[in-house]
Amino acid sequence: MTTTRPEPTPADRRRWARYLAEERAEAQVYRDLARRRDGEERDILLALADAEGRHEQHWLDLLGSEPQRLPAPSLNARTLGWMARRFGSIFVLALAQNAEQRSPYDSEPYATAQMAADEKVHREVVRGLAARGRRRLSGTFRAAVFGANDGLVSNLALVMGIGATGVSAQFVLFSGIAGLLAGALSMGAGEYVSVRSQREMLDATEPSDYADAAFPDLDLDANELALVYRTRGMPEDEAEARARRVIQAAHAVEDAHPITGPVAVSGDHDVVGSALGAAVSSFLFFASGAIIPVLPWIFGLSGTAAVVVALVLVGIALLATGAMVGLLSGAPPLKRGLRQLAIGYGAAAVTYGLGLLFGVSAG
């Protein structure tokens with residue numbers, strides 16, 4: 001059964017031209033990203049660009065020829081293009097993932113079902129590429145982002161609460177600096193212990209060569225070596241066969257040292273990152289976030305002016321860190337930024353209210 005398309009109107013042709021501009025811009029983003037990669041990832045990005053080229057040709061065929069005046073791509077597409085040419089980073093792929101999610105082809109009568117399906121698949125491909133980049137991000141980077149955010153929220157809440165009690169500007173400044181140092185040291189120490197403990201736990205799960213020297217003495221038909229391989233994830237039949245081969249080789253050459261390494265090498269250690277690097281990064285980025293609420297008092301402001309300036313500066317920083325977390329998690333950056341802003345301002349409002357209460361009580 002065929003569906004008759006409506007007769008195209010001038011508005012339809014203008015919409016086709018917009019689609020054409022968007023497809024060209026998206027294809028160029030993928031080509032720009034491919035230039036900064038090699039191997040499989042480069043091939044995948046170029047294949048995505050070719051697919052966008054097929055969609056581009058569809059709209060050209062409908063238009064009949066190249067439009068005399070092609071509309072400018074959307075602001076989002078231009079931003080992606082600018083970032084792809086200059087950075088080619090995980091953030092571009094995360095934004096591209098969100099862009100693929102907003103395809104209009106599901107409700108576009110002149111788009112084919114295959115084009116709409118392509119866009120859904122493209123989103124999953126870009127999600128996979130972005131996931132690879134996220135996995136490559138070390139614990140150091142994770143500690144940096146969340147350390148800065150923690151510094152912003154905790155020290156803003158501290159200086160708001162202290163300032164609301166009516167103490168002098170010098171006391172607010174001292175409290176903010178003390179909160180910065182205490183929080184940064186605590187974050188750094190906590191991150192070091194956390195990452196170090198996780199690495200030690202992973203080290204403890206790695207296979208060892210503890211029993212290798214005993215292999216020549218094992219009975220070929222009655223031994224538990226197959227159980228070792230089964231605990232590492234081998235199927236029973238394969239584990240039995242490998243155990244027999246290893247023991248036969250050990251019996252044949254008693255001074256042999258069979259390789260009994262893990263069945264599969266995991267990348268958990270790389271994902272965890274360096275304990276010292278995570279600690280230093282956490283300390284520095286917590287401090288960089290915690291210093292922002294104190295800046296107005298450092299530069300001599302006091303009272304309401306200092307509070308307003310601190311709120312504005314921290315608000316901008318919270319939006320930035322929230323958007324970054326959103327990008328790393330594949331979520332809309334603006335939504336995550338606004339959520340982080342609400343959390344930070346909410347914490348500051350609570351401590352400010354308590355500070356006012358204590359200030360009145362003390363008075």
# chains A, B, ... in the order shown; residues from 1 in each chain; ligands from 1
$ residues_around --residues "Ala241 (chain A)" --least-positions-apart "4" --cutoff "12 Å" --atoms "only C-alpha atoms" --output "list in words"
Leu220, Asp221, Leu225, Ala226, Leu227, Tyr229, Arg230, Met234, Pro235, Glu236, Asp237, Arg245, Val246, Ile247 and Gln248 of chain A
$ select_by_dssp --residues "region 32-234 of chain A" --states "helix (DSSP H, G or I)" --output "PyMOL selection string"
chain A and resi 32-35+39-63+75-86+90-101+105-107+113-136+139-164+169-205+212-217+225-231
$ residues_around --residues "region 339-350 of chain A" --least-positions-apart "2" --cutoff "7 Å" --atoms "only C-alpha atoms" --output "PDB file with all heavy atoms, in the first residue's frame"
ATOM      1  N   VAL A 153      29.698  24.780  46.213  1.00  0.00           N
ATOM      2  CA  VAL A 153      28.487  24.691  47.038  1.00  0.00           C
ATOM      3  C   VAL A 153      28.814  24.819  48.522  1.00  0.00           C
ATOM      4  O   VAL A 153      28.169  25.587  49.251  1.00  0.00           O
ATOM      5  CB  VAL A 153      27.756  23.360  46.756  1.00  0.00           C
ATOM      6  CG1 VAL A 153      26.562  23.196  47.704  1.00  0.00           C
ATOM      7  CG2 VAL A 153      27.282  23.317  45.315  1.00  0.00           C
ATOM      8  N   LEU A 156      30.160  28.407  49.464  1.00  0.00           N
ATOM      9  CA  LEU A 156      29.090  29.403  49.349  1.00  0.00           C
ATOM     10  C   LEU A 156      28.163  29.292  50.546  1.00  0.00           C
ATOM     11  O   LEU A 156      27.795  30.309  51.159  1.00  0.00           O
ATOM     12  CB  LEU A 156      28.309  29.194  48.057  1.00  0.00           C
ATOM     13  CG  LEU A 156      27.087  30.109  47.880  1.00  0.00           C
ATOM     14  CD1 LEU A 156      27.525  31.563  47.727  1.00  0.00           C
ATOM     15  CD2 LEU A 156      26.236  29.689  46.684  1.00  0.00           C
ATOM     16  N   ALA A 157      27.762  28.058  50.872  1.00  0.00           N
ATOM     17  CA  ALA A 157      26.888  27.874  52.033  1.00  0.00           C
ATOM     18  C   ALA A 157      27.561  28.376  53.311  1.00  0.00           C
ATOM     19  O   ALA A 157      26.919  29.005  54.169  1.00  0.00           O
ATOM     20  CB  ALA A 157      26.515  26.405  52.174  1.00  0.00           C
ATOM     21  N   MET A 160      27.770  32.321  53.298  1.00  0.00           N
ATOM     22  CA  MET A 160      26.433  32.881  53.436  1.00  0.00           C
ATOM     23  C   MET A 160      25.948  32.743  54.880  1.00  0.00           C
ATOM     24  O   MET A 160      25.369  33.675  55.452  1.00  0.00           O
ATOM     25  CB  MET A 160      25.460  32.170  52.492  1.00  0.00           C
ATOM     26  CG  MET A 160      25.656  32.446  51.021  1.00  0.00           C
ATOM     27  SD  MET A 160      25.341  34.153  50.524  1.00  0.00           S
ATOM     28  CE  MET A 160      27.027  34.717  50.322  1.00  0.00           C
ATOM     29  N   GLY A 315      26.860  31.351  40.839  1.00  0.00           N
ATOM     30  CA  GLY A 315      25.812  30.906  39.921  1.00  0.00           C
ATOM     31  C   GLY A 315      26.354  30.582  38.546  1.00  0.00           C
ATOM     32  O   GLY A 315      26.011  29.556  37.939  1.00  0.00           O
ATOM     33  N   LEU A 318      28.381  27.359  38.861  1.00  0.00           N
ATOM     34  CA  LEU A 318      27.528  26.186  39.028  1.00  0.00           C
ATOM     35  C   LEU A 318      26.881  25.776  37.709  1.00  0.00           C
ATOM     36  O   LEU A 318      26.766  24.580  37.403  1.00  0.00           O
ATOM     37  CB  LEU A 318      26.449  26.463  40.077  1.00  0.00           C
ATOM     38  CG  LEU A 318      26.896  26.468  41.534  1.00  0.00           C
ATOM     39  CD1 LEU A 318      25.771  26.959  42.439  1.00  0.00           C
ATOM     40  CD2 LEU A 318      27.353  25.075  41.963  1.00  0.00           C
ATOM     41  N   LEU A 319      26.445  26.751  36.940  1.00  0.00           N
ATOM     42  CA  LEU A 319      25.887  26.434  35.628  1.00  0.00           C
ATOM     43  C   LEU A 319      26.925  25.735  34.754  1.00  0.00           C
ATOM     44  O   LEU A 319      26.623  24.772  34.043  1.00  0.00           O
ATOM     45  CB  LEU A 319      25.396  27.710  34.943  1.00  0.00           C
ATOM     46  CG  LEU A 319      24.087  28.307  35.465  1.00  0.00           C
ATOM     47  CD1 LEU A 319      23.846  29.669  34.833  1.00  0.00           C
ATOM     48  CD2 LEU A 319      22.920  27.370  35.159  1.00  0.00           C
ATOM     49  N   GLY A 322      27.670  22.157  36.207  1.00  0.00           N
ATOM     50  CA  GLY A 322      26.500  21.306  35.984  1.00  0.00           C
ATOM     51  C   GLY A 322      26.360  20.916  34.525  1.00  0.00           C
ATOM     52  O   GLY A 322      26.035  19.770  34.203  1.00  0.00           O
ATOM     53  N   LYS A 335      19.783  21.578  31.357  1.00  0.00           N
ATOM     54  CA  LYS A 335      18.964  21.030  32.446  1.00  0.00           C
ATOM     55  C   LYS A 335      19.827  20.676  33.648  1.00  0.00           C
ATOM     56  O   LYS A 335      19.471  20.970  34.791  1.00  0.00           O
ATOM     57  CB  LYS A 335      18.222  19.792  31.941  1.00  0.00           C
ATOM     58  CG  LYS A 335      17.299  19.165  32.966  1.00  0.00           C
ATOM     59  CD  LYS A 335      16.570  17.972  32.368  1.00  0.00           C
ATOM     60  CE  LYS A 335      15.645  17.314  33.394  1.00  0.00           C
ATOM     61  NZ  LYS A 335      14.928  16.144  32.810  1.00  0.00           N
ATOM     62  N   ARG A 336      20.978  20.053  33.401  1.00  0.00           N
ATOM     63  CA  ARG A 336      21.864  19.699  34.506  1.00  0.00           C
ATOM     64  C   ARG A 336      22.464  20.947  35.146  1.00  0.00           C
ATOM     65  O   ARG A 336      22.668  21.004  36.365  1.00  0.00           O
ATOM     66  CB  ARG A 336      22.980  18.777  34.015  1.00  0.00           C
ATOM     67  CG  ARG A 336      22.503  17.381  33.630  1.00  0.00           C
ATOM     68  CD  ARG A 336      21.980  16.632  34.845  1.00  0.00           C
ATOM     69  NE  ARG A 336      21.570  15.277  34.497  1.00  0.00           N
ATOM     70  CZ  ARG A 336      20.334  14.918  34.155  1.00  0.00           C
ATOM     71  NH1 ARG A 336      19.372  15.842  34.129  1.00  0.00           N
ATOM     72  NH2 ARG A 336      20.051  13.677  33.862  1.00  0.00           N
ATOM     73  N   GLY A 337      22.755  21.948  34.330  1.00  0.00           N
ATOM     74  CA  GLY A 337      23.294  23.185  34.884  1.00  0.00           C
ATOM     75  C   GLY A 337      22.290  23.882  35.789  1.00  0.00           C
ATOM     76  O   GLY A 337      22.643  24.357  36.881  1.00  0.00           O
ATOM     77  N   TYR A 352      22.042  30.532  55.082  1.00  0.00           N
ATOM     78  CA  TYR A 352      21.819  31.967  55.289  1.00  0.00           C
ATOM     79  C   TYR A 352      20.681  32.178  56.295  1.00  0.00           C
ATOM     80  O   TYR A 352      20.772  33.035  57.190  1.00  0.00           O
ATOM     81  CB  TYR A 352      21.486  32.642  53.967  1.00  0.00           C
ATOM     82  CG  TYR A 352      21.443  34.148  54.051  1.00  0.00           C
ATOM     83  CD1 TYR A 352      22.613  34.897  54.048  1.00  0.00           C
ATOM     84  CD2 TYR A 352      20.229  34.822  54.137  1.00  0.00           C
ATOM     85  CE1 TYR A 352      22.585  36.279  54.124  1.00  0.00           C
ATOM     86  CE2 TYR A 352      20.177  36.202  54.217  1.00  0.00           C
ATOM     87  CZ  TYR A 352      21.361  36.925  54.216  1.00  0.00           C
ATOM     88  OH  TYR A 352      21.320  38.302  54.302  1.00  0.00           O
ATOM     89  N   GLY A 353      19.625  31.373  56.127  1.00  0.00           N
ATOM     90  CA  GLY A 353      18.517  31.478  57.075  1.00  0.00           C
ATOM     91  C   GLY A 353      18.942  31.101  58.492  1.00  0.00           C
ATOM     92  O   GLY A 353      18.560  31.771  59.463  1.00  0.00           O
ATOM     93  N   LEU A 354      19.740  30.065  58.632  1.00  0.00           N
ATOM     94  CA  LEU A 354      20.233  29.687  59.955  1.00  0.00           C
ATOM     95  C   LEU A 354      21.140  30.762  60.530  1.00  0.00           C
ATOM     96  O   LEU A 354      21.107  31.045  61.738  1.00  0.00           O
ATOM     97  CB  LEU A 354      21.000  28.358  59.856  1.00  0.00           C
ATOM     98  CG  LEU A 354      20.156  27.106  59.571  1.00  0.00           C
ATOM     99  CD1 LEU A 354      21.055  25.902  59.335  1.00  0.00           C
ATOM    100  CD2 LEU A 354      19.196  26.848  60.729  1.00  0.00           C
TER     101      LEU A 354
END
$ residues_around --residues "Lys120 (chain A)" --least-positions-apart "4" --cutoff "12 Å" --atoms "only C-alpha atoms" --output "number ranges by chain"
A: 97-106, 113-116, 124-127
$ residues_around --residues "Leu180 (chain A)" --least-positions-apart "2" --cutoff "12 Å" --atoms "only C-alpha atoms" --output "PyMOL selection string"
chain A and resi 147-148+150-159+173-178+182-188+283-295
$ closest_residue --among "A:Ala17, A:Val145, A:Ala305, A:Leu276" --to "Ala317 (chain A)" --atoms "only C-alpha atoms"
A:Val145
$ residues_around --residues "Asp50 (chain A)" --least-positions-apart "4" --cutoff "8 Å" --atoms "only C-alpha atoms" --output "list in words"
Ala27, Leu46 and Arg54 of chain A
$ closest_residue --among "A:Gly133, A:Ala11, A:His58, A:Ser65" --to "Arg37 (chain A)" --atoms "only C-alpha atoms"
A:Gly133
$ closest_residue --among "A:Glu7, A:Glu238, A:Glu23, A:Asp12" --to "His55 (chain A)" --atoms "only C-alpha atoms"
A:Glu23
$ closest_residue --among "A:Ala25, A:Ala275, A:Leu356, A:Leu334" --to "Leu70 (chain A)" --atoms "only C-alpha atoms"
A:Ala25
$ atom_distance --atom1 "CA of Phe171 (chain A)" --atom2 "CA of Ala144 (chain A)"
28.7 Å
$ closest_residue --among "A:Arg15, A:Pro109, A:Arg85, A:Trp59" --to "Arg36 (chain A)" --atoms "only C-alpha atoms"
A:Arg85
$ atom_distance --atom1 "CA of Met83 (chain A)" --atom2 "CA of Glu119 (chain A)"
21.4 Å
$ residues_around --residues "Val228 (chain A)" --least-positions-apart "3" --cutoff "9 Å" --atoms "only C-alpha atoms" --output "PyMOL selection string"
chain A and resi 224-225+231-232+239+243
$ closest_residue --among "A:Val121, A:Ala94, A:Leu20, A:Ala164" --to "Pro71 (chain A)" --atoms "only C-alpha atoms"
A:Leu20
